[in-house]
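Text of the file start_21.tsv, holding TSV, C-alpha atoms:
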```
chain	number	residue	atom	x	y	z
Z	16	MET	CA	225.46	193.78	150.57
Z	17	ALA	CA	224.83	193.03	146.92
Z	18	ALA	CA	221.24	194.26	147.21
Z	19	ALA	CA	222.29	197.89	147.49
Z	20	SER	CA	223.47	199.83	144.46
Z	21	SER	CA	227.17	199.90	143.60
Z	22	ARG	CA	227.67	203.42	144.92
Z	23	ALA	CA	225.57	202.79	148.03
Z	24	PHE	CA	227.02	203.62	151.41
Z	25	GLY	CA	230.23	204.95	149.90
Z	26	ALA	CA	231.71	205.74	153.29
Z	27	ILE	CA	231.22	202.23	154.65
Z	28	ALA	CA	234.35	200.13	154.46
Z	29	HIS	CA	232.68	196.87	155.49
Z	30	GLY	CA	229.30	195.19	155.27
Z	31	PRO	CA	226.54	195.27	157.86
Z	32	GLU	CA	227.00	193.92	161.34
Z	33	PHE	CA	224.29	191.35	161.99
Z	34	ARG	CA	223.29	191.05	165.63
Z	35	GLU	CA	221.57	187.93	166.88
Z	36	GLU	CA	219.99	189.74	169.83
Z	37	LEU	CA	218.11	191.96	167.35
Z	38	ALA	CA	216.88	188.92	165.45
Z	39	ASN	CA	215.78	187.35	168.74
Z	40	ARG	CA	213.54	190.32	169.52
Z	41	PHE	CA	211.37	189.48	166.54
Z	42	VAL	CA	211.35	185.77	167.44
Z	43	ASP	CA	210.42	186.60	171.05
Z	44	GLU	CA	207.39	188.53	169.76
Z	45	GLY	CA	206.39	185.69	167.45
Z	46	THR	CA	206.93	187.66	164.27
Z	47	SER	CA	209.53	188.39	161.62
Z	48	GLY	CA	210.87	191.64	160.34
Z	49	ALA	CA	213.84	193.59	159.11
Z	50	PHE	CA	215.73	196.05	161.25
Z	51	VAL	CA	218.61	198.13	159.93
Z	52	ALA	CA	220.23	201.02	161.73
Z	53	TYR	CA	222.71	203.26	159.97
Z	54	VAL	CA	225.03	205.07	162.32
Z	55	ALA	CA	226.03	207.91	160.01
Z	56	ASN	CA	228.83	209.43	162.06
Z	57	SER	CA	230.67	206.08	162.20
Z	58	ALA	CA	229.40	204.76	158.84
Z	59	ARG	CA	228.13	201.53	160.42
Z	60	LEU	CA	225.17	199.39	159.49
Z	61	ILE	CA	223.63	197.24	162.20
Z	62	ALA	CA	220.99	194.71	161.15
Z	63	ASN	CA	219.04	191.73	162.42
Z	64	ASP	CA	218.61	189.27	159.55
Z	65	LYS	CA	220.60	189.21	156.30
Z	66	ILE	CA	217.98	187.39	154.22
Z	67	ARG	CA	215.05	189.47	155.48
Z	68	CYS	CA	216.98	192.75	155.05
Z	69	GLU	CA	217.87	191.84	151.45
Z	70	THR	CA	214.32	190.74	150.56
Z	71	ALA	CA	212.30	193.37	148.71
Z	72	PHE	CA	208.82	194.23	149.99
Z	73	LEU	CA	206.19	196.87	149.28
Z	74	PRO	CA	207.41	200.13	150.82
Z	75	ALA	CA	203.91	201.01	152.11
Z	76	SER	CA	204.07	203.89	154.60
Z	77	THR	CA	207.80	204.45	154.14
Z	78	PHE	CA	206.95	205.77	150.66
Z	79	LYS	CA	205.49	208.88	152.32
Z	80	ILE	CA	209.00	210.36	152.33
Z	81	PRO	CA	209.70	210.26	148.57
Z	82	ASN	CA	206.03	211.00	147.79
Z	83	ALA	CA	206.15	214.18	149.92
Z	84	LEU	CA	209.51	215.25	148.45
Z	85	ILE	CA	208.21	214.82	144.92
Z	86	ALA	CA	205.02	216.73	145.79
Z	87	LEU	CA	206.99	219.69	147.08
Z	88	ASP	CA	209.58	219.64	144.29
Z	89	THR	CA	206.92	219.48	141.55
Z	90	GLU	CA	204.87	222.06	143.46
Z	91	VAL	CA	201.72	219.93	143.39
Z	92	VAL	CA	201.79	220.88	147.07
Z	93	GLN	CA	202.74	224.51	147.55
Z	94	ASP	CA	203.10	224.58	151.33
Z	95	ALA	CA	203.37	221.62	153.71
Z	96	ASN	CA	201.87	223.61	156.57
Z	97	THR	CA	198.95	225.50	155.06
Z	98	GLU	CA	197.59	223.71	151.98
Z	99	ILE	CA	194.53	221.72	153.04
Z	100	PHE	CA	193.55	218.30	151.73
Z	101	LYS	CA	189.83	218.11	152.41
Z	102	TRP	CA	188.56	214.86	153.93
Z	103	ASP	CA	186.28	213.11	151.43
Z	104	GLY	CA	183.84	212.00	154.15
Z	105	VAL	CA	184.64	208.31	153.70
Z	106	ARG	CA	185.06	206.67	157.11
Z	107	ARG	CA	188.30	204.71	157.28
Z	108	PRO	CA	189.59	202.38	160.01
Z	109	PHE	CA	192.08	204.94	161.37
Z	110	ASP	CA	190.41	207.90	163.07
Z	111	ALA	CA	193.38	210.14	162.26
Z	112	TRP	CA	192.60	209.75	158.55
Z	113	ASN	CA	189.01	210.92	158.93
Z	114	ARG	CA	189.64	214.65	158.85
Z	115	ASP	CA	191.21	217.41	156.77
Z	116	HIS	CA	195.01	217.38	156.59
Z	117	THR	CA	197.99	219.42	155.57
Z	118	LEU	CA	201.01	217.59	154.17
Z	119	ARG	CA	202.64	217.90	157.59
Z	120	SER	CA	199.68	216.43	159.48
Z	121	ALA	CA	199.23	213.71	156.83
Z	122	LEU	CA	202.83	212.65	157.38
Z	123	ALA	CA	202.28	212.41	161.13
Z	124	ALA	CA	199.02	210.46	160.70
Z	125	SER	CA	200.35	208.32	157.83
Z	126	ALA	CA	197.16	209.36	156.03
Z	127	VAL	CA	197.12	207.14	152.97
Z	128	PRO	CA	194.19	208.93	151.25
Z	129	VAL	CA	196.18	212.19	151.22
Z	130	TYR	CA	199.24	210.49	149.74
Z	131	GLN	CA	197.05	208.82	147.13
Z	132	GLU	CA	195.70	212.24	146.12
Z	133	ILE	CA	199.25	213.60	145.99
Z	134	ALA	CA	200.36	210.73	143.73
Z	135	ARG	CA	197.42	211.39	141.38
Z	136	ARG	CA	198.43	215.05	141.19
Z	137	ILE	CA	202.05	214.11	140.46
Z	138	GLY	CA	200.98	211.69	137.73
Z	139	PRO	CA	202.76	208.61	136.40
Z	140	GLU	CA	205.25	210.34	134.11
Z	141	ARG	CA	206.69	212.63	136.78
Z	142	MET	CA	206.51	209.90	139.44
Z	143	GLN	CA	208.54	207.56	137.24
Z	144	LYS	CA	211.09	210.28	136.51
Z	145	TYR	CA	211.65	210.89	140.22
Z	146	LEU	CA	211.82	207.21	141.21
Z	147	ASP	CA	214.42	206.69	138.48
Z	148	ALA	CA	216.41	209.71	139.70
Z	149	PHE	CA	216.14	208.51	143.31
Z	150	GLU	CA	217.12	204.97	142.25
Z	151	TYR	CA	214.26	203.95	144.54
Z	152	GLY	CA	213.78	200.19	144.88
Z	153	ASN	CA	212.81	198.43	141.65
Z	154	ARG	CA	211.31	201.75	140.38
Z	155	ASN	CA	208.15	199.95	139.20
Z	156	ILE	CA	205.06	202.15	139.45
Z	157	GLY	CA	202.82	199.67	137.63
Z	158	GLY	CA	199.45	198.77	139.08
Z	159	GLY	CA	198.00	202.24	139.58
Z	160	ILE	CA	199.42	205.66	140.37
Z	161	ASP	CA	197.58	205.80	143.70
Z	162	ARG	CA	198.47	202.32	144.96
Z	163	PHE	CA	201.76	201.08	143.44
Z	164	TRP	CA	203.55	201.46	146.79
Z	165	LEU	CA	200.70	199.88	148.79
Z	166	THR	CA	199.38	196.86	146.92
Z	167	SER	CA	201.07	196.69	143.56
Z	168	ASP	CA	204.48	196.47	141.92
Z	169	LEU	CA	206.99	198.72	143.70
Z	170	ARG	CA	209.45	196.79	145.87
Z	171	THR	CA	212.43	197.83	147.97
Z	172	ASN	CA	214.47	196.22	150.72
Z	173	ALA	CA	215.71	197.51	154.05
Z	174	PHE	CA	219.23	198.24	152.80
Z	175	GLN	CA	217.85	200.14	149.79
Z	176	GLN	CA	215.65	202.19	152.12
Z	177	ILE	CA	218.64	203.15	154.26
Z	178	ASP	CA	220.64	203.93	151.13
Z	179	PHE	CA	217.89	206.25	149.88
Z	180	LEU	CA	217.68	208.04	153.23
Z	181	ASP	CA	221.46	208.35	153.46
Z	182	ARG	CA	221.66	209.89	149.98
Z	183	LEU	CA	218.81	212.22	150.84
Z	184	TRP	CA	220.53	213.28	154.05
Z	185	ARG	CA	223.84	213.88	152.33
```
Now, as a test, write the supplied structure out as structure tokens.
Amino acid sequence: MAAASSRAFGAIAHGPEFREELANRFVDEGTSGAFVAYVANSARLIANDKIRCETAFLPASTFKIPNALIALDTEVVQDANTEIFKWDGVRRPFDAWNRDHTLRSALAASAVPVYQEIARRIGPERMQKYLDAFEYGNRNIGGGIDRFWLTSDLRTNAFQQIDFLDRLWR
């Protein structure tokens, strides 16, 4: 588990358990992917494919979690339930994006335009500070404040994602 930081998964005495039947699910569907489950109460990691789980990819929609946390902590979003992000009127391929949102509804709809607006409000300096503090992936926000997690330079792997969530939970 070299891909995770040295203090990652402190309670885990052994590496991940790789299960062939999980890997076969992806093969059966004609695709590839990483699956990692962290069973917190028994400190176990269960995964499907060592190489795929250790390969860093764009975080894409999984970045909603740190983006929302940073928004609330910096107070660029005052209230997740009542502050409204007005729809800009641009028709996008997902109907759920084509309306006004709160932070809560944007999370449920995975509304990228809302998270792009949030990132612009946070700004690069604060975003970098938080990604460094979170030890999030490669911490690279190059390529544009409103797209670095979608099409640009930020990369993380499945084990790093679980590590981030575990630290957040703890």
Residue contacts of Ala62 in chain Z (12 Å, all atoms listed in the file) excluding same-chain residues fewer than 5 positions away, as a list in words:
Met16, Gly30, Pro31, Glu32, Phe33, Arg34, Glu35, Glu36, Leu37, Ala38, Asn39, Gly48, Ala49, Phe50, Val51, Ala52, Tyr53, Val54, Arg67, Cys68, Glu69, Ala173, Phe174 and Ile177 of chain Z
For range 113-122 of chain Z, please output as a PDB file with C-alpha atoms, in the frame of the given file all residues within 6 Å (counting all atoms listed in the file; exclusion window: fewer than 4 positions along the same chain).
```
ATOM      1  CA  ALA Z  95     203.370 221.620 153.710  1.00  0.00           C
ATOM      2  CA  ASN Z  96     201.870 223.610 156.570  1.00  0.00           C
ATOM      3  CA  GLU Z  98     197.590 223.710 151.980  1.00  0.00           C
ATOM      4  CA  ILE Z  99     194.530 221.720 153.040  1.00  0.00           C
ATOM      5  CA  PHE Z 100     193.550 218.300 151.730  1.00  0.00           C
ATOM      6  CA  LYS Z 101     189.830 218.110 152.410  1.00  0.00           C
ATOM      7  CA  TRP Z 102     188.560 214.860 153.930  1.00  0.00           C
ATOM      8  CA  ALA Z 126     197.160 209.360 156.030  1.00  0.00           C
TER       9      ALA Z 126
END
```
Here CA of Pro74 in chain Z and CA of Asp43 in chain Z stand apart by 24.5 Å
What is the distance, in Å and to one decimal place, between CA of Glu44 in chain Z and CA of Arg107 in chain Z?
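For CA of Glu44 in chain Z relative to CA of Arg107 in chain Z, the distance reads 28.0 Å.
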Can you measure CA of Leu165 in chain Z to CA of Ser76 in chain Z for me? One decimal in Å is fine.
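Going from CA of Leu165 in chain Z over to CA of Ser76 in chain Z, I get 7.8 Å.
Of the listed residues (Z:Met142, Z:Ile156, Z:Ala55, Z:Val42), Z:Met142 comes nearest to Asp88 in chain Z; the distances count only C-alpha atoms.
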Name the residues within 8 Å of (212.9, 190.6, 147.6), counting all atoms listed in the file in the file's coordinates, and put them as a ChimeraX atom specification.
/Z:69-72,170-172
Expected file contents, prior selection, C-alpha atoms, as a PDB file, keeping the file's coordinate frame:
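Generated file (selection.pdb):
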```
ATOM      1  CA  GLU Z  69     217.870 191.840 151.450  1.00  0.00           C
ATOM      2  CA  THR Z  70     214.320 190.740 150.560  1.00  0.00           C
ATOM      3  CA  ALA Z  71     212.300 193.370 148.710  1.00  0.00           C
ATOM      4  CA  PHE Z  72     208.820 194.230 149.990  1.00  0.00           C
ATOM      5  CA  ARG Z 170     209.450 196.790 145.870  1.00  0.00           C
ATOM      6  CA  THR Z 171     212.430 197.830 147.970  1.00  0.00           C
ATOM      7  CA  ASN Z 172     214.470 196.220 150.720  1.00  0.00           C
TER       8      ASN Z 172
END
```
Enumerate, as a ChimeraX atom specification, the protein, DNA and RNA residues whose atoms approach (201.1, 200.3, 150.9) to within 10 Å, taking into account all atoms listed in the file and the coordinate frame of the file.
/Z:72-79,127,161-167,169
Need the shell around Tyr151 in chain Z: protein/DNA/RNA residues with any atom at most 10 Å away, counting only C-alpha atoms. Skip same-chain ones fewer than 3 positions apart. Format as a list in words?
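The residues satisfying every condition are Phe78, Pro81, Gln143, Tyr145, Leu146, Asp147, Ala148, Arg154, Asn155, Leu169, Arg170, Thr171, Asn172, Gln175, Gln176, Asp178 and Phe179 of chain Z.
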Using all atoms of range 50-58 of chain Z listed in the file and a margin of 8 Å per side, can you give the axis-aligned box centre and edge lengths in Å to one decimal, as lines of an AutoDock Vina configuration file?
```
center_x = 223.2
center_y = 202.7
center_z = 160.6
size_x = 30.9
size_y = 29.4
size_z = 19.5
```
